[in-house]
Amino acid sequence: MSNYTPKYDPAFWDTDIQVKRNNSKLLPLLTGSNAPDITFKKDMGIWQQVSYRFNYTQATIKSIMDNKPLVISFLSGGWNNYGLKHLKLLSQAYPEILALGGNLLVIVHAMYQDVREMVQYFEIPFNVIADPHNEISEKFGLFSKDVPVWDKVSGISEEVPIPATYVLNQYANVIYHTIDEDFLHTFSATKVLGAVFAAVNRVPFVNYAA
């Protein structure tokens with residue numbers, strides 16, 4: 001039997017170990033905020049529903065609006081089936097958005113050529129902008145490299161933004177937003193249309209809880 005007694009080292013127990021935690025979180029644009037002032041390059045967009053006054057080389061959110069309410073929705077092929085469901089819901093809501101006097105802009109996390117092929121394949125009639133590097137979604141607070149979606153939602157392996165849809169009034173103020181960080185449900189077309197109706201008629205939009 002060994003008489004060896006290991007030497008007690010108090011430092012083994014008393015030394016603090018620094019644990020790194022990522023406390024970063026997304027700070028998405030919310031109702032009551034102003035839409036960021038963004039200028040889009042000509043080769044970023046597929047413009048199908050714009051005013052005759054529209055400047056294709058210096059497109060901005062306000063020029064797309066043309067003093068009309070604007071629905072802005074984000075989309076990514078990296079969302080898999082969720083993305084397809086989101087796109088179909090946008091396509092269904094679009095005619096009613098137009099009929100109410102609003103317009104729709106969809107910002108897609110994809111290269112321009114991929115966006116063009118998507119527009120052709122799905123016969124998309126609304127305005128679409130390619131955002132391959134998440135520059136636009138980051139300005140809306142929907143993407144950050146420090147808060148990757150794939151670290152929270154299983155089944156997603158790409159650097160994608162979180163789903164979000166906004167309604168802007170004629171002054172580019174956000175009067176309605178819906179954000180789905182957990183990918184549990186896409187936007188409510190009824191609420192989006194209600195917000196567009198309120199903006200067109202210049203009355204407050206009340207978002208009653210479901």
# chains A, B, ... in the order shown; residues from 1 in each chain; ligands from 1
call {"tool": "select_by_dssp", "arguments": {"residues": "range 9-126 of chain A", "states": "strand (DSSP E or B)", "output": "list in words"}}
result
Asn34, Thr39, Phe40, Gly45, Ile46, Ala59, Thr60, Leu70, Val71, Ile72, Ser73, Phe74, Leu75, Ser76, Asn103, Leu104, Leu105, Val106, Ile107, Val108 and His109 of chain A
call {"tool": "write_last_selection", "arguments": {"atoms": "C-alpha atoms", "output": "mmCIF file, in the first residue's frame"}}
result
data_model
loop_
_atom_site.group_PDB
_atom_site.id
_atom_site.type_symbol
_atom_site.label_atom_id
_atom_site.label_comp_id
_atom_site.auth_asym_id
_atom_site.auth_seq_id
_atom_site.Cartn_x
_atom_site.Cartn_y
_atom_site.Cartn_z
ATOM 1 C CA ASN A 34 -38.818 55.058 -38.845
ATOM 2 C CA THR A 39 -30.480 53.457 -51.351
ATOM 3 C CA PHE A 40 -30.646 50.360 -53.527
ATOM 4 C CA GLY A 45 -33.899 44.900 -57.674
ATOM 5 C CA ILE A 46 -36.498 43.477 -59.981
ATOM 6 C CA ALA A 59 -33.958 53.691 -55.665
ATOM 7 C CA THR A 60 -34.901 54.391 -52.048
ATOM 8 C CA LEU A 70 -45.591 49.952 -48.253
ATOM 9 C CA VAL A 71 -45.406 46.396 -46.967
ATOM 10 C CA ILE A 72 -41.816 45.215 -46.582
ATOM 11 C CA SER A 73 -41.239 41.524 -46.017
ATOM 12 C CA PHE A 74 -38.035 39.520 -45.721
ATOM 13 C CA LEU A 75 -37.529 36.102 -47.294
ATOM 14 C CA SER A 76 -34.799 33.470 -47.503
ATOM 15 C CA ASN A 103 -47.492 48.282 -52.436
ATOM 16 C CA LEU A 104 -45.205 45.361 -51.583
ATOM 17 C CA LEU A 105 -41.425 45.040 -51.461
ATOM 18 C CA VAL A 106 -39.849 41.664 -50.689
ATOM 19 C CA ILE A 107 -36.188 41.543 -49.685
ATOM 20 C CA VAL A 108 -34.660 38.160 -50.451
ATOM 21 C CA HIS A 109 -31.491 36.753 -48.938
#
call {"tool": "residues_around", "arguments": {"residues": "Gly32 in chain A", "least_positions_apart": "3", "cutoff": "9 Å", "atoms": "only C-alpha atoms", "output": "list in words"}}
result
Leu29, Asn173, Val174, Ile175 and Tyr176 of chain A
call {"tool": "residues_around", "arguments": {"residues": "range 113-115 of chain A", "least_positions_apart": "2", "cutoff": "10 Å", "atoms": "only C-alpha atoms", "output": "JSON, numbers by chain"}}
result
{"A": [43, 44, 45, 46, 77, 107, 108, 109, 110, 111, 117, 118, 119, 120, 121, 128, 129, 130, 131, 132]}
call {"tool": "write_last_selection", "arguments": {"atoms": "C-alpha atoms", "output": "PDB file, in the first residue's frame"}}
result
ATOM      1  CA  ASP A  43     -28.820  45.647 -60.174  1.00  0.00           C
ATOM      2  CA  MET A  44     -30.234  44.664 -56.761  1.00  0.00           C
ATOM      3  CA  GLY A  45     -33.899  44.900 -57.674  1.00  0.00           C
ATOM      4  CA  ILE A  46     -36.498  43.477 -59.981  1.00  0.00           C
ATOM      5  CA  GLY A  77     -34.502  30.178 -49.345  1.00  0.00           C
ATOM      6  CA  ILE A 107     -36.188  41.543 -49.685  1.00  0.00           C
ATOM      7  CA  VAL A 108     -34.660  38.160 -50.451  1.00  0.00           C
ATOM      8  CA  HIS A 109     -31.491  36.753 -48.938  1.00  0.00           C
ATOM      9  CA  ALA A 110     -30.044  35.431 -52.215  1.00  0.00           C
ATOM     10  CA  MET A 111     -27.854  36.429 -55.143  1.00  0.00           C
ATOM     11  CA  GLU A 117     -34.880  32.775 -61.409  1.00  0.00           C
ATOM     12  CA  MET A 118     -37.188  32.635 -58.380  1.00  0.00           C
ATOM     13  CA  VAL A 119     -39.319  35.465 -59.781  1.00  0.00           C
ATOM     14  CA  GLN A 120     -39.624  33.677 -63.113  1.00  0.00           C
ATOM     15  CA  TYR A 121     -40.302  30.247 -61.641  1.00  0.00           C
ATOM     16  CA  VAL A 128     -38.107  42.092 -55.166  1.00  0.00           C
ATOM     17  CA  ILE A 129     -34.632  43.053 -53.989  1.00  0.00           C
ATOM     18  CA  ALA A 130     -31.640  40.751 -53.630  1.00  0.00           C
ATOM     19  CA  ASP A 131     -29.811  40.989 -50.314  1.00  0.00           C
ATOM     20  CA  PRO A 132     -27.143  38.265 -50.596  1.00  0.00           C
TER      21      PRO A 132
END
call {"tool": "closest_residue", "arguments": {"among": "A:Leu89, A:His177, A:Gly78, A:Pro36", "to": "Glu159 in chain A", "atoms": "only C-alpha atoms"}}
result
A:Gly78
call {"tool": "residues_around", "arguments": {"residues": "range 166-172 of chain A", "least_positions_apart": "6", "cutoff": "9 Å", "atoms": "only C-alpha atoms", "output": "PyMOL selection string"}}
result
chain A and resi 29-31+33-36+61-62+65-73+178-179+192-193+195-196+198-200+202
call {"tool": "residues_around", "arguments": {"residues": "Asp182 in chain A", "least_positions_apart": "3", "cutoff": "10 Å", "atoms": "only C-alpha atoms", "output": "list in words"}}
result
Val149, Lys152, Val153, Ile162, Pro163, Ile179 and His185 of chain A
call {"tool": "write_last_selection", "arguments": {"atoms": "N, CA, C and O atoms", "output": "compact mmCIF listing (two decimals), in the first residue's frame"}}
result
# COMPACT_ATOMS: atom_id res chain seq x y z
N VAL A 149 -28.85 32.44 -36.64
CA VAL A 149 -30.12 31.72 -36.52
C VAL A 149 -29.89 30.22 -36.35
O VAL A 149 -30.60 29.55 -35.61
N LYS A 152 -29.82 28.64 -33.01
CA LYS A 152 -31.05 28.61 -32.22
C LYS A 152 -32.12 27.71 -32.81
O LYS A 152 -32.88 27.06 -32.08
N VAL A 153 -32.19 27.65 -34.13
CA VAL A 153 -33.25 26.90 -34.82
C VAL A 153 -32.65 25.73 -35.57
O VAL A 153 -31.80 25.92 -36.45
N ILE A 162 -33.91 36.64 -39.64
CA ILE A 162 -35.14 36.10 -39.06
C ILE A 162 -36.32 36.64 -39.86
O ILE A 162 -36.25 37.72 -40.44
N PRO A 163 -37.42 35.90 -39.91
CA PRO A 163 -38.59 36.36 -40.67
C PRO A 163 -39.21 37.61 -40.05
O PRO A 163 -39.37 37.71 -38.83
N ILE A 179 -42.61 39.71 -36.21
CA ILE A 179 -41.29 39.08 -36.24
C ILE A 179 -41.41 37.68 -35.64
O ILE A 179 -42.05 37.50 -34.61
N HIS A 185 -44.55 30.58 -36.77
CA HIS A 185 -45.68 30.97 -37.61
C HIS A 185 -45.27 32.15 -38.47
O HIS A 185 -44.47 32.99 -38.06
call {"tool": "closest_residue", "arguments": {"among": "A:Leu100, A:Ala93, A:Val160, A:Ile136", "to": "Asp37 in chain A", "atoms": "only C-alpha atoms"}}
result
A:Ile136
call {"tool": "atom_distance", "arguments": {"atom1": "CA of Asn127 in chain A", "atom2": "CA of Gln48 in chain A"}}
result
5.4 Å
call {"tool": "closest_residue", "arguments": {"among": "A:Gln58, A:Asn201, A:Thr186, A:Ser137", "to": "Tyr82 in chain A", "atoms": "only C-alpha atoms"}}
result
A:Thr186
call {"tool": "closest_residue", "arguments": {"among": "A:Val203, A:Asn55, A:Ile124, A:Phe197", "to": "Gly101 in chain A", "atoms": "only C-alpha atoms"}}
result
A:Phe197
call {"tool": "atom_distance", "arguments": {"atom1": "CA of Val50 in chain A", "atom2": "CA of Asp180 in chain A"}}
result
28.5 Å
call {"tool": "closest_residue", "arguments": {"among": "A:Phe143, A:Gln92, A:Trp79, A:Ser63", "to": "Leu184 in chain A", "atoms": "only C-alpha atoms"}}
result
A:Trp79
